[in-house]
file run10.txt (compact mmCIF, C-alpha atoms)
# COMPACT_ATOMS: atom_id res chain seq x y z
CA MET L 1 5.71 -36.77 -25.54
CA MET L 2 2.48 -36.54 -27.49
CA ASP L 3 1.43 -33.20 -25.98
CA VAL L 4 4.19 -31.22 -27.69
CA LYS L 5 3.00 -32.31 -31.15
CA ASP L 6 -0.68 -31.62 -30.47
CA PRO L 7 -1.78 -28.74 -32.78
CA GLY L 8 -3.82 -27.21 -29.95
CA TYR L 9 -0.81 -27.23 -27.61
CA ILE L 10 1.36 -25.61 -30.31
CA ARG L 11 -1.24 -22.84 -30.77
CA ILE L 12 -1.51 -22.24 -27.02
CA LYS L 13 2.26 -22.00 -26.78
CA ARG L 14 2.42 -19.54 -29.67
CA GLU L 15 -0.25 -17.37 -28.04
CA LEU L 16 1.54 -17.52 -24.69
CA PHE L 17 4.88 -16.50 -26.17
CA ARG L 18 3.25 -13.63 -28.04
CA HIS L 19 1.73 -12.48 -24.76
CA LEU L 20 5.13 -12.78 -23.04
CA LYS L 21 6.77 -10.93 -25.96
CA VAL L 22 9.18 -13.82 -26.47
CA SER L 23 10.23 -14.64 -30.02
CA SER L 24 11.28 -18.25 -29.47
CA ASP L 25 10.39 -21.27 -27.37
CA ALA L 26 11.77 -19.98 -24.09
CA TYR L 27 10.21 -22.37 -21.58
CA LYS L 28 10.83 -26.11 -21.42
CA ASP L 29 7.91 -28.15 -22.80
CA THR L 30 7.81 -30.43 -19.75
CA TYR L 31 7.20 -27.38 -17.58
CA LEU L 32 4.66 -25.77 -19.94
CA VAL L 33 2.64 -28.97 -20.35
CA ARG L 34 2.38 -29.29 -16.56
CA ARG L 35 1.22 -25.69 -16.12
CA ILE L 36 -1.25 -25.69 -19.04
CA ARG L 37 -2.76 -29.00 -17.95
CA ALA L 38 -3.20 -27.61 -14.43
CA ARG L 39 -5.37 -24.80 -15.83
CA MET L 40 -7.30 -27.21 -18.07
CA ARG L 41 -8.01 -29.55 -15.14
CA LYS L 42 -9.24 -26.66 -13.03
CA LEU L 43 -11.68 -25.65 -15.79
CA GLY L 44 -12.73 -29.21 -16.66
CA ILE L 45 -11.34 -28.93 -20.21
CA ALA L 46 -9.96 -32.08 -21.80
CA SER L 47 -8.55 -30.93 -25.15
CA TYR L 48 -5.84 -28.40 -25.96
CA THR L 49 -7.86 -27.13 -28.91
CA GLU L 50 -10.83 -26.36 -26.70
CA TYR L 51 -8.57 -24.54 -24.23
CA TYR L 52 -6.92 -22.61 -27.08
CA ARG L 53 -10.36 -21.39 -28.20
CA LEU L 54 -11.04 -20.23 -24.65
CA ILE L 55 -7.84 -18.17 -24.31
CA LYS L 56 -8.47 -16.59 -27.74
CA ALA L 57 -11.98 -15.60 -26.71
CA ASN L 58 -11.25 -14.69 -23.10
CA ARG L 59 -8.28 -12.42 -22.34
CA SER L 60 -8.64 -12.92 -18.58
CA GLU L 61 -8.03 -16.67 -18.99
CA LEU L 62 -4.89 -15.93 -21.00
CA ASP L 63 -3.77 -13.74 -18.08
CA GLU L 64 -4.53 -16.60 -15.68
CA LEU L 65 -2.41 -18.94 -17.77
CA LEU L 66 0.44 -16.42 -17.78
CA LEU L 67 0.30 -16.26 -13.98
CA THR L 68 0.30 -20.07 -13.80
CA VAL L 69 3.40 -20.23 -16.01
CA ALA L 70 5.19 -17.35 -14.26
CA ILE L 71 4.44 -18.55 -10.72
CA ASN L 72 7.47 -18.79 -8.46
CA VAL L 73 7.19 -20.51 -5.09
CA THR L 74 9.10 -18.46 -2.56
CA GLU L 75 9.74 -18.11 1.15
CA PHE L 76 11.74 -16.00 3.58
CA PHE L 77 15.43 -16.95 3.85
CA ARG L 78 15.02 -19.85 1.42
CA ASP L 79 18.18 -22.05 1.40
CA PRO L 80 19.91 -20.85 4.61
CA VAL L 81 23.43 -21.35 3.17
CA VAL L 82 22.81 -18.50 0.72
CA TRP L 83 21.97 -16.04 3.49
CA LYS L 84 24.88 -17.15 5.66
CA THR L 85 27.25 -16.67 2.70
CA LEU L 86 25.74 -13.25 2.00
CA GLU L 87 26.19 -12.21 5.63
CA LYS L 88 29.62 -13.73 6.35
CA LYS L 89 31.43 -13.43 2.99
CA ILE L 90 29.80 -11.27 0.34
CA LEU L 91 28.71 -8.25 2.36
CA PRO L 92 32.04 -7.90 4.27
CA GLU L 93 33.92 -8.12 0.93
CA LEU L 94 31.60 -5.56 -0.67
CA VAL L 95 31.90 -3.16 2.26
CA GLU L 96 35.70 -3.37 2.12
CA TYR L 97 35.69 -2.80 -1.65
CA LYS L 98 33.27 0.15 -1.41
CA ARG L 99 35.44 1.78 1.26
CA GLU L 100 38.48 1.42 -1.00
CA ILE L 101 36.75 3.16 -3.90
CA HIS L 102 35.04 5.73 -1.61
CA SER L 103 31.53 4.67 -2.57
CA ASN L 104 28.62 4.57 -0.12
CA SER L 105 26.01 2.95 -2.36
CA LEU L 106 24.83 -0.66 -2.47
CA LYS L 107 22.56 -1.72 -5.34
CA ILE L 108 20.90 -5.14 -5.32
CA TRP L 109 18.39 -6.67 -7.74
CA SER L 110 15.96 -9.42 -6.78
CA ALA L 111 14.76 -10.68 -10.18
CA ALA L 112 11.61 -12.85 -10.25
CA CYS L 113 10.84 -11.73 -6.68
CA SER L 114 7.31 -13.18 -6.65
CA THR L 115 5.42 -12.06 -3.50
CA GLY L 116 8.38 -10.23 -1.97
CA GLN L 117 9.91 -12.63 0.55
CA GLU L 118 13.35 -12.60 -1.12
CA PRO L 119 13.89 -8.80 -1.32
CA TYR L 120 12.62 -8.37 2.24
CA SER L 121 15.02 -11.14 3.35
CA ILE L 122 17.83 -9.21 1.63
CA ALA L 123 16.85 -6.01 3.46
CA MET L 124 16.74 -7.79 6.83
CA THR L 125 20.15 -9.37 6.19
CA LEU L 126 21.59 -5.94 5.41
CA TYR L 127 20.33 -4.55 8.72
CA GLU L 128 21.56 -7.61 10.62
CA THR L 129 25.03 -7.36 9.02
CA LEU L 130 25.58 -3.61 8.69
CA GLY L 131 23.70 -2.39 11.75
CA GLU L 132 20.91 0.07 12.41
CA ASN L 133 22.30 2.86 10.20
CA LEU L 134 23.41 0.38 7.48
CA ASP L 135 27.02 1.43 8.11
CA GLY L 136 26.37 4.70 6.31
CA PHE L 137 25.45 3.04 3.00
CA ARG L 138 22.69 4.20 0.68
CA VAL L 139 20.96 0.92 -0.06
CA SER L 140 18.56 0.30 -2.94
CA ILE L 141 16.95 -3.05 -3.65
CA LEU L 142 15.11 -3.39 -6.96
CA ALA L 143 12.56 -6.22 -6.85
CA THR L 144 10.96 -7.26 -10.14
CA ASP L 145 8.49 -9.84 -11.37
CA ILE L 146 6.28 -10.33 -14.41
CA ASP L 147 3.25 -11.12 -12.23
CA ARG L 148 1.28 -7.98 -11.24
CA GLU L 149 -0.75 -9.85 -8.63
CA ALA L 150 2.37 -11.18 -6.92
CA LEU L 151 3.85 -7.65 -6.92
CA SER L 152 0.67 -6.30 -5.37
CA VAL L 153 1.06 -8.77 -2.46
CA ALA L 154 4.76 -7.89 -2.19
CA MET L 155 4.11 -4.12 -2.03
CA LYS L 156 1.51 -4.60 0.69
CA GLY L 157 4.09 -6.53 2.71
CA GLU L 158 1.61 -8.49 4.84
CA TYR L 159 2.08 -12.21 5.49
CA PRO L 160 0.27 -14.89 7.52
CA VAL L 161 1.35 -15.34 11.13
CA ASP L 162 2.28 -19.02 10.64
CA VAL L 163 4.54 -18.14 7.67
CA ILE L 164 6.41 -15.46 9.62
CA GLU L 165 6.77 -17.53 12.79
CA LYS L 166 7.97 -20.56 10.83
CA GLN L 167 10.41 -18.83 8.44
CA ILE L 168 11.81 -15.84 10.36
CA PRO L 169 14.23 -16.33 13.29
CA ARG L 170 12.30 -15.52 16.48
CA SER L 171 14.64 -12.71 17.55
CA MET L 172 14.15 -10.91 14.23
CA ILE L 173 10.34 -10.80 14.18
CA PRO L 174 9.86 -7.84 16.59
CA LYS L 175 12.69 -5.95 14.85
CA TYR L 176 11.28 -6.15 11.33
CA PHE L 177 7.54 -6.92 11.61
CA THR L 178 4.43 -5.51 13.25
CA ARG L 179 1.50 -7.72 14.19
CA VAL L 180 -1.50 -6.12 12.48
CA SER L 181 -4.16 -8.73 13.28
CA ASP L 182 -4.62 -12.22 14.70
CA GLU L 183 -3.76 -13.61 11.26
CA ARG L 184 -1.10 -11.29 9.81
CA TYR L 185 2.21 -9.52 10.27
CA ARG L 186 3.32 -6.48 8.27
CA VAL L 187 6.90 -5.71 7.19
CA SER L 188 8.25 -2.68 9.05
CA PRO L 189 8.63 0.69 7.23
CA LYS L 190 12.44 0.66 7.54
CA ILE L 191 12.56 -2.62 5.57
CA LYS L 192 9.99 -1.47 3.04
CA ARG L 193 11.78 1.78 2.28
CA LEU L 194 14.84 -0.12 0.99
CA VAL L 195 12.83 -2.01 -1.64
CA LYS L 196 11.36 -0.68 -4.89
CA PHE L 197 9.01 -3.06 -6.73
CA ARG L 198 8.57 -2.99 -10.49
CA GLN L 199 6.96 -5.18 -13.13
CA PHE L 200 9.62 -6.63 -15.42
CA ASN L 201 9.79 -9.40 -18.01
CA LEU L 202 13.07 -11.38 -18.02
CA PHE L 203 12.71 -11.69 -21.80
CA SER L 204 12.93 -7.91 -22.20
CA THR L 205 15.70 -6.64 -24.44
CA THR L 206 16.76 -3.90 -22.01
CA TYR L 207 17.85 -4.68 -18.45
CA PRO L 208 18.50 -2.30 -15.55
CA LYS L 209 22.22 -1.87 -14.79
CA GLY L 210 24.76 -1.06 -12.12
CA PHE L 211 24.15 -3.80 -9.54
CA ASP L 212 26.53 -5.10 -6.87
CA ILE L 213 24.47 -8.30 -6.40
CA ILE L 214 21.76 -9.91 -8.52
CA PHE L 215 19.52 -12.65 -7.12
CA ILE L 216 17.81 -14.73 -9.84
CA ARG L 217 16.81 -17.93 -8.10
CA ASN L 218 14.63 -20.89 -9.04
CA VAL L 219 13.30 -19.43 -12.29
CA LEU L 220 15.91 -20.31 -14.92
CA ILE L 221 15.38 -24.06 -14.38
CA TYR L 222 12.09 -23.70 -16.29
CA ILE L 223 13.69 -21.94 -19.25
CA LYS L 224 15.45 -23.53 -22.24
CA ARG L 225 19.21 -23.25 -22.53
CA ASP L 226 19.37 -20.84 -25.46
CA ALA L 227 16.94 -18.47 -23.73
CA GLN L 228 18.95 -18.87 -20.51
CA GLU L 229 22.11 -17.86 -22.36
CA GLU L 230 20.47 -14.66 -23.60
CA ILE L 231 19.35 -13.86 -20.06
CA PHE L 232 22.84 -14.55 -18.64
CA ALA L 233 24.40 -12.22 -21.23
CA LYS L 234 22.08 -9.42 -20.13
CA LEU L 235 22.70 -10.17 -16.44
CA TYR L 236 26.45 -9.96 -17.13
CA ASP L 237 25.97 -6.41 -18.41
CA SER L 238 23.68 -5.55 -15.48
CA LEU L 239 26.35 -6.46 -12.92
CA GLU L 240 29.17 -4.14 -11.93
CA ASP L 241 32.63 -5.64 -12.57
CA HIS L 242 32.92 -6.71 -8.92
CA GLY L 243 29.34 -8.01 -8.87
CA TYR L 244 27.90 -11.27 -7.54
CA LEU L 245 25.22 -13.43 -9.22
CA VAL L 246 23.10 -15.64 -6.94
CA LEU L 247 21.24 -18.62 -8.49
CA GLY L 248 18.91 -21.27 -7.06
CA LYS L 249 20.44 -24.33 -5.43
CA THR L 250 19.70 -26.66 -8.38
CA GLU L 251 20.78 -24.17 -11.05
CA THR L 252 24.09 -23.91 -12.88
CA ILE L 253 25.43 -21.81 -15.74
CA LEU L 254 25.82 -23.99 -18.82
CA GLY L 255 26.98 -23.67 -22.41
CA ASN L 256 28.54 -20.49 -23.74
CA ALA L 257 27.22 -18.50 -20.77
CA ALA L 258 29.56 -20.42 -18.45
CA ARG L 259 32.49 -18.42 -19.83
CA MET L 260 30.96 -15.17 -18.61
CA PHE L 261 30.97 -16.02 -14.91
CA ARG L 262 33.31 -17.77 -12.52
CA LEU L 263 32.19 -19.83 -9.57
CA TYR L 264 32.42 -18.07 -6.21
CA ASP L 265 30.65 -20.54 -3.92
CA LEU L 266 29.41 -23.91 -5.22
CA VAL L 267 27.15 -24.83 -2.29
CA ALA L 268 25.43 -21.43 -2.25
CA ARG L 269 25.40 -21.28 -6.11
CA ILE L 270 27.02 -17.88 -6.28
CA TYR L 271 29.06 -16.60 -9.24
CA ARG L 272 31.07 -13.51 -10.14
CA LYS L 273 31.73 -11.79 -13.45
CA ASN L 274 34.61 -13.18 -15.47
CA LEU L 275 36.36 -9.95 -16.45
CA GLU L 276 38.51 -11.79 -19.02
CA VAL L 277 35.39 -11.97 -21.20
CA LYS L 278 35.02 -8.21 -21.01
CA LYS L 279 38.76 -7.57 -21.52
CA HIS L 280 38.99 -9.68 -24.65
CA GLY L 281 35.55 -8.72 -25.95
CA LYS L 282 34.40 -12.32 -26.10
CA GLY L 283 30.71 -12.78 -26.61
CA PHE L 284 28.73 -15.89 -27.38
CA GLY L 285 30.24 -16.48 -30.79
CA GLY L 286 31.89 -19.83 -31.39
CA GLY L 287 31.68 -22.96 -29.27
call {"tool": "encode", "arguments": {"input": "run10.txt", "output": "structure tokens"}}
result
Amino acid sequence: MMDVKDPGYIRIKRELFRHLKVSSDAYKDTYLVRRIRARMRKLGIASYTEYYRLIKANRSELDELLLTVAINVTEFFRDPVVWKTLEKKILPELVEYKREIHSNSLKIWSAACSTGQEPYSIAMTLYETLGENLDGFRVSILATDIDREALSVAMKGEYPVDVIEKQIPRSMIPKYFTRVSDERYRVSPKIKRLVKFRQFNLFSTTYPKGFDIIFIRNVLIYIKRDAQEEIFAKLYDSLEDHGYLVLGKTETILGNAARMFRLYDLVARIYRKNLEVKKHGKGFGGG
């Protein structure tokens, strides 16, 4: 592909990675070319060099490009099999385990949460499964994304009527949403109070820890394998030993990272920690 050798493209990429605080080529070129060209088309710019000059001179355009690269299309209850597996298998197993160890806390992380539909879906599923008092559990859902604008939408918790009525089961709408205008619904306070939103870059060196479940769906497919492996290693440490890792339906764990997790449910793309790795102190060294 000619684009990847274009000096202007190389400079744009370097600037983008510096902005993302990533030391290596983390994103796949096919994905980056598509996103950069989308911005160039919108601005009527034909050459990479011209666009590079613009992002050097105009910080707000660099921010726009970052948002274009970081964008994550999302919806409520995306991929129904995931939510059914969460409700019927994972949560009952977790509840049983927590009772055994006399713990009443549930910690879940929705990484790359975009505009909030995933963490709110998690919160609704918890209420549907555990009941009105959440079976006595203290629930915390951390929802993170690199995109400040997306997080702003998520924190507001208001969505168009057609989105809610298309994506949320009819019986659940009055339980978890309030109609605030002809055009919009707002997420109810009891759902909102379970979710804490925070800006976070997946390429950060330090990850939050102590989670029972981590959702990281439909973002890793855009990232190169070596960068994926670094992310998986940090996710491994972020999960409790009994923890579950939920990926997108087209995503798998490849390479050295595959040793760190074992498949729990192929159709739902859910994995669990491989404690043998921890026991024997195996990292990513070797093949």
call {"tool": "axis_aligned_box", "arguments": {"input": "run10.txt", "around": "stretch 180-190 of chain L", "padding_each_side": "8 Å", "output": "JSON"}}
result
{"center_x": 3.9, "center_y": -6.5, "center_z": 10.9, "size_x": 33.1, "size_y": 30.3, "size_z": 23.5}
call {"tool": "residues_around", "arguments": {"input": "run10.txt", "residues": "L:Val153", "least_positions_apart": "3", "cutoff": "6 Å", "atoms": "only C-alpha atoms", "output": "PDB file with C-alpha atoms, keeping the file's coordinate frame"}}
result
ATOM      1  CA  THR L 115       5.420 -12.060  -3.500  1.00  0.00           C
ATOM      2  CA  ALA L 150       2.370 -11.180  -6.920  1.00  0.00           C
ATOM      3  CA  LYS L 156       1.510  -4.600   0.690  1.00  0.00           C
TER       4      LYS L 156
END
call {"tool": "closest_residue", "arguments": {"input": "run10.txt", "among": "L:Ile10, L:Ile191, L:Val33, L:Val246", "to": "L:Gly157", "atoms": "only C-alpha atoms"}}
result
L:Ile191
call {"tool": "atom_distance", "arguments": {"input": "run10.txt", "atom1": "atom CA of L:Cys113", "atom2": "atom CA of L:Ala143"}}
result
5.8 Å
call {"tool": "closest_residue", "arguments": {"input": "run10.txt", "among": "L:Phe137, L:Glu61, L:Thr125, L:Lys234", "to": "L:Met40", "atoms": "all atoms listed in the file"}}
result
L:Glu61
call {"tool": "closest_atom_pairs", "arguments": {"input": "run10.txt", "of": "stretch 76-109 of chain L", "to": "stretch 166-171 of chain L", "cutoff": "9 Å", "atoms": "all atoms listed in the file", "output": "Markdown table"}}
result
| residue | atom | partner | partner_atom | distance |
| --- | --- | --- | --- | --- |
| L:Phe76 | CA | L:Gln167 | CA | 5.8 |
| L:Phe77 | CA | L:Gln167 | CA | 7.1 |
| L:Arg78 | CA | L:Gln167 | CA | 8.5 |
call {"tool": "residues_near_point", "arguments": {"input": "run10.txt", "point": "(12.6, -1.3, -4.4)", "cutoff": "6 Å", "atoms": "only C-alpha atoms", "output": "ChimeraX atom specification"}}
result
/L:141-143,194-197
call {"tool": "write_last_selection", "arguments": {"input": "run10.txt", "atoms": "C-alpha atoms", "output": "PDB file, in the coordinates of the input"}}
result
ATOM      1  CA  ILE L 141      16.950  -3.050  -3.650  1.00  0.00           C
ATOM      2  CA  LEU L 142      15.110  -3.390  -6.960  1.00  0.00           C
ATOM      3  CA  ALA L 143      12.560  -6.220  -6.850  1.00  0.00           C
ATOM      4  CA  LEU L 194      14.840  -0.120   0.990  1.00  0.00           C
ATOM      5  CA  VAL L 195      12.830  -2.010  -1.640  1.00  0.00           C
ATOM      6  CA  LYS L 196      11.360  -0.680  -4.890  1.00  0.00           C
ATOM      7  CA  PHE L 197       9.010  -3.060  -6.730  1.00  0.00           C
TER       8      PHE L 197
END
call {"tool": "closest_residue", "arguments": {"input": "run10.txt", "among": "L:Leu235, L:Met124, L:Leu202, L:Leu245", "to": "L:Met172", "atoms": "only C-alpha atoms"}}
result
L:Met124
call {"tool": "build_atoms", "arguments": {"input": "run10.txt", "residues": "stretch 178-189 of chain L", "atoms": "all heavy atoms", "output": "short mmCIF file (atom, residue, chain, number, x, y, z; two decimals), in the frame of the given file"}}
result
data_model
loop_
_atom_site.label_atom_id
_atom_site.label_comp_id
_atom_site.auth_asym_id
_atom_site.auth_seq_id
_atom_site.Cartn_x
_atom_site.Cartn_y
_atom_site.Cartn_z
N THR L 178 5.45 -5.95 12.30
CA THR L 178 4.43 -5.51 13.25
C THR L 178 3.23 -6.43 13.11
O THR L 178 2.79 -6.71 11.99
CB THR L 178 3.98 -4.06 12.92
OG1 THR L 178 5.14 -3.23 12.89
CG2 THR L 178 3.01 -3.55 13.96
N ARG L 179 2.72 -6.90 14.21
CA ARG L 179 1.50 -7.72 14.19
C ARG L 179 0.31 -6.80 13.93
O ARG L 179 0.06 -5.89 14.71
CB ARG L 179 1.37 -8.44 15.55
CG ARG L 179 0.24 -9.44 15.64
CD ARG L 179 0.65 -10.78 15.06
NE ARG L 179 -0.39 -11.78 15.28
CZ ARG L 179 -0.26 -12.83 16.10
NH1 ARG L 179 0.86 -13.00 16.80
NH2 ARG L 179 -1.22 -13.72 16.23
N VAL L 180 -0.39 -7.02 12.82
CA VAL L 180 -1.50 -6.12 12.48
C VAL L 180 -2.87 -6.74 12.73
O VAL L 180 -3.88 -6.05 12.70
CB VAL L 180 -1.41 -5.62 11.01
CG1 VAL L 180 -0.23 -4.66 10.86
CG2 VAL L 180 -1.29 -6.77 10.02
N SER L 181 -2.90 -8.05 12.96
CA SER L 181 -4.16 -8.73 13.28
C SER L 181 -3.83 -10.10 13.85
O SER L 181 -2.66 -10.47 13.96
CB SER L 181 -5.04 -8.89 12.03
OG SER L 181 -4.48 -9.85 11.16
N ASP L 182 -4.85 -10.86 14.20
CA ASP L 182 -4.62 -12.22 14.70
C ASP L 182 -3.97 -13.09 13.64
O ASP L 182 -3.27 -14.04 13.96
CB ASP L 182 -5.95 -12.87 15.13
CG ASP L 182 -6.48 -12.27 16.41
OD1 ASP L 182 -5.68 -11.58 17.10
OD2 ASP L 182 -7.67 -12.46 16.72
N GLU L 183 -4.22 -12.75 12.36
CA GLU L 183 -3.76 -13.61 11.26
C GLU L 183 -2.51 -13.13 10.55
O GLU L 183 -1.87 -13.89 9.84
CB GLU L 183 -4.86 -13.76 10.19
CG GLU L 183 -6.07 -14.57 10.61
CD GLU L 183 -7.13 -13.71 11.25
OE1 GLU L 183 -7.23 -12.52 10.88
OE2 GLU L 183 -7.86 -14.22 12.13
N ARG L 184 -2.14 -11.83 10.71
CA ARG L 184 -1.10 -11.29 9.81
C ARG L 184 -0.07 -10.41 10.51
O ARG L 184 -0.34 -9.76 11.50
CB ARG L 184 -1.76 -10.48 8.69
CG ARG L 184 -2.73 -11.31 7.87
CD ARG L 184 -3.33 -10.54 6.72
NE ARG L 184 -2.53 -10.60 5.52
CZ ARG L 184 -2.35 -11.69 4.80
NH1 ARG L 184 -2.89 -12.84 5.16
NH2 ARG L 184 -1.63 -11.67 3.70
N TYR L 185 1.14 -10.46 9.91
CA TYR L 185 2.21 -9.52 10.27
C TYR L 185 2.45 -8.61 9.06
O TYR L 185 2.27 -9.03 7.92
CB TYR L 185 3.53 -10.26 10.52
CG TYR L 185 3.67 -10.89 11.89
CD1 TYR L 185 3.43 -12.24 12.09
CD2 TYR L 185 4.12 -10.12 12.98
CE1 TYR L 185 3.61 -12.83 13.33
CE2 TYR L 185 4.31 -10.70 14.24
CZ TYR L 185 4.06 -12.05 14.41
OH TYR L 185 4.24 -12.63 15.64
N ARG L 186 2.94 -7.40 9.35
CA ARG L 186 3.32 -6.48 8.27
C ARG L 186 4.80 -6.14 8.38
O ARG L 186 5.32 -5.93 9.48
CB ARG L 186 2.50 -5.19 8.34
CG ARG L 186 2.82 -4.20 7.21
CD ARG L 186 2.02 -2.91 7.35
NE ARG L 186 0.59 -3.17 7.25
CZ ARG L 186 -0.34 -2.52 7.95
NH1 ARG L 186 0.03 -1.60 8.83
NH2 ARG L 186 -1.61 -2.82 7.79
N VAL L 187 5.48 -6.09 7.24
CA VAL L 187 6.90 -5.71 7.19
C VAL L 187 7.04 -4.27 7.68
O VAL L 187 6.24 -3.41 7.33
CB VAL L 187 7.43 -5.83 5.74
CG1 VAL L 187 8.87 -5.35 5.66
CG2 VAL L 187 7.33 -7.26 5.25
N SER L 188 8.07 -4.01 8.47
CA SER L 188 8.25 -2.68 9.05
C SER L 188 8.64 -1.65 7.98
O SER L 188 9.25 -2.01 6.96
CB SER L 188 9.33 -2.71 10.14
OG SER L 188 10.59 -2.90 9.54
N PRO L 189 8.32 -0.37 8.22
CA PRO L 189 8.63 0.69 7.23
C PRO L 189 10.12 0.76 6.88
O PRO L 189 10.47 1.05 5.73
CB PRO L 189 8.15 1.97 7.93
CG PRO L 189 7.09 1.51 8.88
CD PRO L 189 7.53 0.15 9.35
#
